[in-house]
>>> print(open('run.tsv').read())   # TSV, C-alpha atoms and all ligand atoms
chain	number	residue	atom	x	y	z
A	1	MET	CA	135.40	58.63	61.47
A	2	SER	CA	134.13	59.61	58.04
A	3	GLU	CA	135.19	59.44	54.42
A	4	PRO	CA	136.23	62.59	52.52
A	5	ASN	CA	132.72	63.18	51.11
A	6	GLY	CA	131.21	63.25	54.61
A	7	THR	CA	129.77	59.75	54.54
A	8	PRO	CA	130.12	58.14	57.98
A	9	TRP	CA	132.66	55.34	57.79
A	10	GLY	CA	131.17	52.05	56.61
A	11	MET	CA	127.84	53.57	55.64
A	12	CYS	CA	126.14	53.82	52.25
A	13	ALA	CA	127.41	56.77	50.18
A	14	ALA	CA	123.87	58.03	49.46
A	15	TYR	CA	123.27	61.04	51.69
A	16	GLY	CA	121.53	60.17	54.96
A	17	CYS	CA	121.10	56.49	54.15
A	18	PRO	CA	120.80	54.37	57.33
A	19	LEU	CA	122.23	51.20	55.77
A	20	PRO	CA	125.84	50.02	55.63
A	21	GLY	CA	127.68	50.38	52.33
A	22	THR	CA	128.19	46.81	51.19
A	23	VAL	CA	128.34	47.02	47.39
A	24	GLY	CA	131.07	48.92	45.55
A	25	SER	CA	130.13	51.09	42.59
A	26	GLU	CA	132.10	53.89	40.93
A	27	SER	CA	134.70	53.82	43.75
A	28	ARG	CA	132.10	54.33	46.46
A	29	TRP	CA	130.21	51.94	48.69
A	30	TYR	CA	126.45	51.78	48.50
A	31	CYS	CA	123.80	49.75	50.26
A	32	PHE	CA	121.98	47.06	48.31
A	33	CYS	CA	119.00	49.44	47.87
A	34	HIS	CA	120.90	52.44	46.47
A	35	VAL	CA	123.50	50.69	44.36
A	36	ASN	CA	123.01	51.09	40.61
A	37	LYS	CA	119.92	53.27	41.04
A	38	PRO	CA	119.68	56.60	39.20
A	39	SER	CA	120.99	59.19	41.69
A	40	ASN	CA	117.91	61.40	41.34
A	41	PHE	CA	116.04	58.71	43.29
A	42	ASN	CA	118.57	58.62	46.15
A	43	ASP	CA	116.57	60.86	48.48
A	44	ALA	CA	113.28	59.05	47.84
A	45	ILE	CA	114.95	55.73	48.66
A	46	THR	CA	116.57	57.15	51.79
A	47	ARG	CA	113.19	58.51	52.92
A	48	GLU	CA	111.52	55.15	52.33
A	49	LEU	CA	114.23	53.39	54.37
A	50	ARG	CA	114.19	55.93	57.21
A	51	GLU	CA	110.44	56.44	57.50
A	52	LYS	CA	108.58	53.36	56.32
A	53	GLN	CA	111.13	50.55	56.55
A	54	LYS	CA	112.94	51.58	59.74
A	55	PRO	CA	112.08	48.41	61.74
A	56	ILE	CA	113.60	46.23	59.01
A	57	VAL	CA	116.62	48.53	58.72
A	58	ASP	CA	117.12	48.26	62.50
A	59	ALA	CA	116.68	44.47	62.40
A	60	ILE	CA	119.35	44.22	59.71
A	61	ALA	CA	121.70	46.41	61.74
A	62	ILE	CA	121.36	44.10	64.76
A	63	LEU	CA	121.89	40.99	62.62
A	64	ARG	CA	125.01	42.46	61.04
A	65	VAL	CA	126.48	43.57	64.36
A	66	ARG	CA	125.89	40.07	65.72
A	67	GLY	CA	127.61	38.60	62.68
A	68	CYS	CA	124.44	36.58	62.09
A	69	SER	CA	124.97	34.68	65.32
A	70	PHE	CA	122.84	34.76	68.44
A	71	TYR	CA	124.90	32.43	70.60
A	72	GLY	CA	124.54	33.64	74.16
A	73	SER	CA	122.27	36.50	73.17
A	74	ASP	CA	118.59	35.70	73.04
A	75	SER	CA	117.72	39.29	73.86
A	76	GLU	CA	118.87	40.61	70.49
A	77	TYR	CA	117.00	37.88	68.66
A	78	ARG	CA	113.89	38.87	70.61
A	79	ALA	CA	114.53	42.55	69.86
A	80	ILE	CA	114.41	41.78	66.14
A	81	GLN	CA	111.23	39.74	66.61
A	82	GLN	CA	109.62	42.69	68.39
A	83	LEU	CA	110.70	45.11	65.63
A	84	LEU	CA	109.18	42.94	62.92
A	85	ILE	CA	105.98	42.15	64.84
A	86	GLY	CA	105.60	45.86	65.69
A	87	ALA	CA	105.92	46.68	62.00
A	88	ASP	CA	103.26	44.06	61.16
A	89	ARG	CA	105.82	42.04	59.21
A	90	ARG	CA	105.38	38.60	60.77
A	91	ASP	CA	106.14	37.21	57.32
A	92	LEU	CA	109.73	38.33	57.89
A	93	LEU	CA	110.23	36.52	61.21
A	94	MET	CA	112.91	33.85	61.21
A	95	SER	CA	111.31	30.82	59.58
A	96	ALA	CA	111.26	27.35	61.13
A	97	ASP	CA	113.60	26.23	58.37
A	98	GLU	CA	116.03	29.04	59.06
A	99	LYS	CA	115.88	28.29	62.78
A	100	GLN	CA	116.64	24.63	62.29
A	101	THR	CA	119.62	25.16	60.05
A	102	GLY	CA	120.96	28.10	62.07
A	103	GLY	CA	120.26	30.10	58.94
A	104	ALA	CA	120.56	33.62	60.28
A	105	ARG	CA	122.46	34.51	57.13
A	106	ALA	CA	119.55	33.33	54.97
A	107	TRP	CA	117.25	35.31	57.23
A	108	LEU	CA	119.39	38.42	56.77
A	109	GLN	CA	119.22	37.98	53.00
A	110	ARG	CA	115.44	37.68	53.18
A	111	LEU	CA	115.24	40.94	55.18
A	112	GLU	CA	117.54	42.68	52.70
A	113	ARG	CA	115.43	41.38	49.82
A	114	ALA	CA	112.33	42.86	51.49
A	115	LEU	CA	114.01	46.29	51.48
A	116	ILE	CA	115.10	45.92	47.86
A	117	ASP	CA	111.49	45.08	46.98
A	118	ALA	CA	110.23	48.06	49.00
A	119	CYS	CA	112.53	50.35	47.00
A	120	ALA	CA	111.83	48.71	43.64
A	121	GLY	CA	109.45	51.48	42.61
A	122	PHE	CA	112.14	54.16	42.80
A	123	GLY	CA	113.96	54.12	39.48
A	124	GLN	CA	115.17	51.14	37.54
A	125	GLN	CA	118.02	49.31	39.27
A	126	LYS	CA	120.70	48.19	36.89
A	127	PRO	CA	121.69	44.60	37.55
A	128	ILE	CA	124.66	44.25	39.87
A	129	PRO	CA	127.46	42.74	37.78
A	130	LEU	CA	128.65	39.37	39.04
A	131	ALA	CA	132.15	39.81	37.62
A	132	VAL	CA	134.28	42.88	38.19
A	133	PRO	CA	135.15	44.27	34.77
A	134	THR	CA	138.88	44.19	34.15
A	135	ALA	CA	141.02	46.21	31.77
A	136	PRO	CA	142.79	44.35	28.97
A	137	VAL	CA	146.26	43.10	29.87
A	138	ILE	CA	148.97	45.47	28.70
A	139	GLY	CA	152.73	45.11	28.74
A	140	PRO	CA	154.84	42.03	28.17
A	141	THR	CA	153.08	38.72	28.37
A	142	HIS	CA	156.33	36.71	28.43
A	143	ALA	CA	159.34	37.28	30.63
A	144	SER	CA	162.02	35.85	28.33
A	145	ASN	CA	162.53	38.98	26.24
A	146	PHE	CA	161.57	41.50	28.90
A	147	HIS	CA	164.53	43.19	30.63
A	148	PRO	CA	163.29	46.15	32.64
A	149	TYR	CA	166.85	47.11	33.71
A	150	ALA	CA	168.52	46.42	30.35
A	151	ASP	CA	169.35	50.07	29.68
A	152	GLY	CA	171.44	50.42	32.85
A	153	ASP	CA	174.35	48.39	34.18
A	154	ALA	CA	173.51	44.72	34.38
A	155	ALA	CA	173.06	43.65	37.97
A	201	ZN	ZN	121.80	53.37	50.81
>>> encode(input="run.tsv", output="structure tokens")
Amino acid sequence: MSEPNGTPWGMCAAYGCPLPGTVGSESRWYCFCHVNKPSNFNDAITRELREKQKPIVDAIAILRVRGCSFYGSDSEYRAIQQLLIGADRRDLLMSADEKQTGGARAWLQRLERALIDACAGFGQQKPIPLAVPTAPVIGPTHASNFHPYADGDAA
């Protein structure tokens, strides 16, 4: 399944990006690394993610598929550990704090932050707005004098 522009369904709209599209911008979905970056840096970011940050990208994919839960599946938790140790990123292993509080979601955020930091050098990222901008309200604001069917036969 893919969207009209050829992006595989659910993936970031930047060409070839290995991350899921999780942030909406200009009616497309981008990953947290590509969103709000100047588009002339898209390929450099994709290359960074695919070539240098692949173990972290893969770890995030496993965490997301598991819904941040490892109940009954130690093997996937271990797979992520191996990815991070293999990439010499022991600093990104699940912390004791995160383990105690079942904080896989906090762990996921820390991994995502590591990728955002890794891509920080590619173009200035505009801040992600916290509120979705809304158009001003148009049309009647009170119902009392608004009769949408007034020009026809009264119902
Ligand atoms: Zn992306």
>>> axis_aligned_box(input="run.tsv", around="segment 41-53 of chain A", padding_each_side="4 Å", output="JSON")
{"center_x": 113.6, "center_y": 55.7, "center_z": 50.4, "size_x": 18.0, "size_y": 18.3, "size_z": 22.2}
>>> closest_atom_pairs(input="run.tsv", of="chain A", to="ligand ZN 201 (chain A)", cutoff="12 Å", atoms="only C-alpha atoms and all ligand atoms", output="JSON lines")
{"residue": "A:Thr7", "atom": "CA", "partner": "A:ZN201", "partner_atom": "ZN", "distance": 10.9}
{"residue": "A:Pro8", "atom": "CA", "partner": "A:ZN201", "partner_atom": "ZN", "distance": 12.0}
{"residue": "A:Gly10", "atom": "CA", "partner": "A:ZN201", "partner_atom": "ZN", "distance": 11.1}
{"residue": "A:Met11", "atom": "CA", "partner": "A:ZN201", "partner_atom": "ZN", "distance": 7.7}
{"residue": "A:Cys12", "atom": "CA", "partner": "A:ZN201", "partner_atom": "ZN", "distance": 4.6}
{"residue": "A:Ala13", "atom": "CA", "partner": "A:ZN201", "partner_atom": "ZN", "distance": 6.6}
{"residue": "A:Ala14", "atom": "CA", "partner": "A:ZN201", "partner_atom": "ZN", "distance": 5.3}
{"residue": "A:Tyr15", "atom": "CA", "partner": "A:ZN201", "partner_atom": "ZN", "distance": 7.9}
{"residue": "A:Gly16", "atom": "CA", "partner": "A:ZN201", "partner_atom": "ZN", "distance": 8.0}
{"residue": "A:Cys17", "atom": "CA", "partner": "A:ZN201", "partner_atom": "ZN", "distance": 4.6}
{"residue": "A:Pro18", "atom": "CA", "partner": "A:ZN201", "partner_atom": "ZN", "distance": 6.7}
{"residue": "A:Leu19", "atom": "CA", "partner": "A:ZN201", "partner_atom": "ZN", "distance": 5.4}
{"residue": "A:Pro20", "atom": "CA", "partner": "A:ZN201", "partner_atom": "ZN", "distance": 7.1}
{"residue": "A:Gly21", "atom": "CA", "partner": "A:ZN201", "partner_atom": "ZN", "distance": 6.8}
{"residue": "A:Thr22", "atom": "CA", "partner": "A:ZN201", "partner_atom": "ZN", "distance": 9.2}
{"residue": "A:Val23", "atom": "CA", "partner": "A:ZN201", "partner_atom": "ZN", "distance": 9.7}
{"residue": "A:Gly24", "atom": "CA", "partner": "A:ZN201", "partner_atom": "ZN", "distance": 11.6}
{"residue": "A:Ser25", "atom": "CA", "partner": "A:ZN201", "partner_atom": "ZN", "distance": 11.9}
{"residue": "A:Arg28", "atom": "CA", "partner": "A:ZN201", "partner_atom": "ZN", "distance": 11.2}
{"residue": "A:Trp29", "atom": "CA", "partner": "A:ZN201", "partner_atom": "ZN", "distance": 8.8}
{"residue": "A:Tyr30", "atom": "CA", "partner": "A:ZN201", "partner_atom": "ZN", "distance": 5.4}
{"residue": "A:Cys31", "atom": "CA", "partner": "A:ZN201", "partner_atom": "ZN", "distance": 4.2}
{"residue": "A:Phe32", "atom": "CA", "partner": "A:ZN201", "partner_atom": "ZN", "distance": 6.8}
{"residue": "A:Cys33", "atom": "CA", "partner": "A:ZN201", "partner_atom": "ZN", "distance": 5.7}
{"residue": "A:His34", "atom": "CA", "partner": "A:ZN201", "partner_atom": "ZN", "distance": 4.5}
{"residue": "A:Val35", "atom": "CA", "partner": "A:ZN201", "partner_atom": "ZN", "distance": 7.2}
{"residue": "A:Asn36", "atom": "CA", "partner": "A:ZN201", "partner_atom": "ZN", "distance": 10.5}
{"residue": "A:Lys37", "atom": "CA", "partner": "A:ZN201", "partner_atom": "ZN", "distance": 9.9}
{"residue": "A:Ser39", "atom": "CA", "partner": "A:ZN201", "partner_atom": "ZN", "distance": 10.8}
{"residue": "A:Phe41", "atom": "CA", "partner": "A:ZN201", "partner_atom": "ZN", "distance": 10.9}
{"residue": "A:Asn42", "atom": "CA", "partner": "A:ZN201", "partner_atom": "ZN", "distance": 7.7}
{"residue": "A:Asp43", "atom": "CA", "partner": "A:ZN201", "partner_atom": "ZN", "distance": 9.4}
{"residue": "A:Ala44", "atom": "CA", "partner": "A:ZN201", "partner_atom": "ZN", "distance": 10.7}
{"residue": "A:Ile45", "atom": "CA", "partner": "A:ZN201", "partner_atom": "ZN", "distance": 7.6}
{"residue": "A:Thr46", "atom": "CA", "partner": "A:ZN201", "partner_atom": "ZN", "distance": 6.5}
{"residue": "A:Arg47", "atom": "CA", "partner": "A:ZN201", "partner_atom": "ZN", "distance": 10.2}
{"residue": "A:Glu48", "atom": "CA", "partner": "A:ZN201", "partner_atom": "ZN", "distance": 10.5}
{"residue": "A:Leu49", "atom": "CA", "partner": "A:ZN201", "partner_atom": "ZN", "distance": 8.4}
{"residue": "A:Arg50", "atom": "CA", "partner": "A:ZN201", "partner_atom": "ZN", "distance": 10.3}
{"residue": "A:Val57", "atom": "CA", "partner": "A:ZN201", "partner_atom": "ZN", "distance": 10.6}
{"residue": "A:Glu112", "atom": "CA", "partner": "A:ZN201", "partner_atom": "ZN", "distance": 11.7}
{"residue": "A:Leu115", "atom": "CA", "partner": "A:ZN201", "partner_atom": "ZN", "distance": 10.5}
{"residue": "A:Ile116", "atom": "CA", "partner": "A:ZN201", "partner_atom": "ZN", "distance": 10.4}
{"residue": "A:Cys119", "atom": "CA", "partner": "A:ZN201", "partner_atom": "ZN", "distance": 10.5}
>>> closest_residue(input="run.tsv", among="A:Lys52, A:Arg113, A:Arg78, A:Arg64", to="Leu93 of chain A", atoms="only C-alpha atoms")
A:Arg78
>>> atom_distance(input="run.tsv", atom1="atom CA of Ile56 of chain A", atom2="atom CA of Ala79 of chain A")
11.5 Å
>>> closest_residue(input="run.tsv", among="A:Ala104, A:Lys126, A:Gly121, A:Ala114", to="Cys68 of chain A", atoms="all atoms listed in the file")
A:Ala104
>>> atom_distance(input="run.tsv", atom1="atom CA of Glu26 of chain A", atom2="atom CA of Gln125 of chain A")
14.9 Å
>>> atom_distance(input="run.tsv", atom1="atom CA of Trp107 of chain A", atom2="atom CA of Leu92 of chain A")
8.1 Å
>>> residues_around(input="run.tsv", residues="Glu76 of chain A", least_positions_apart="2", cutoff="12 Å", atoms="all atoms listed in the file", output="list in words")
Asp58, Ala59, Ile60, Ala61, Ile62, Leu63, Arg64, Val65, Arg66, Gly67, Cys68, Ser69, Phe70, Tyr71, Gly72, Ser73, Asp74, Arg78, Ala79, Ile80, Gln81, Gln82 and Leu83 of chain A
>>> closest_residue(input="run.tsv", among="A:Gly103, A:Lys54, A:Gln109, A:Pro38", to="Ala87 of chain A", atoms="only C-alpha atoms")
A:Lys54
>>> closest_residue(input="run.tsv", among="A:Pro55, A:Pro127, A:Ser27, A:Ala118", to="Ile85 of chain A", atoms="all atoms listed in the file")
A:Pro55
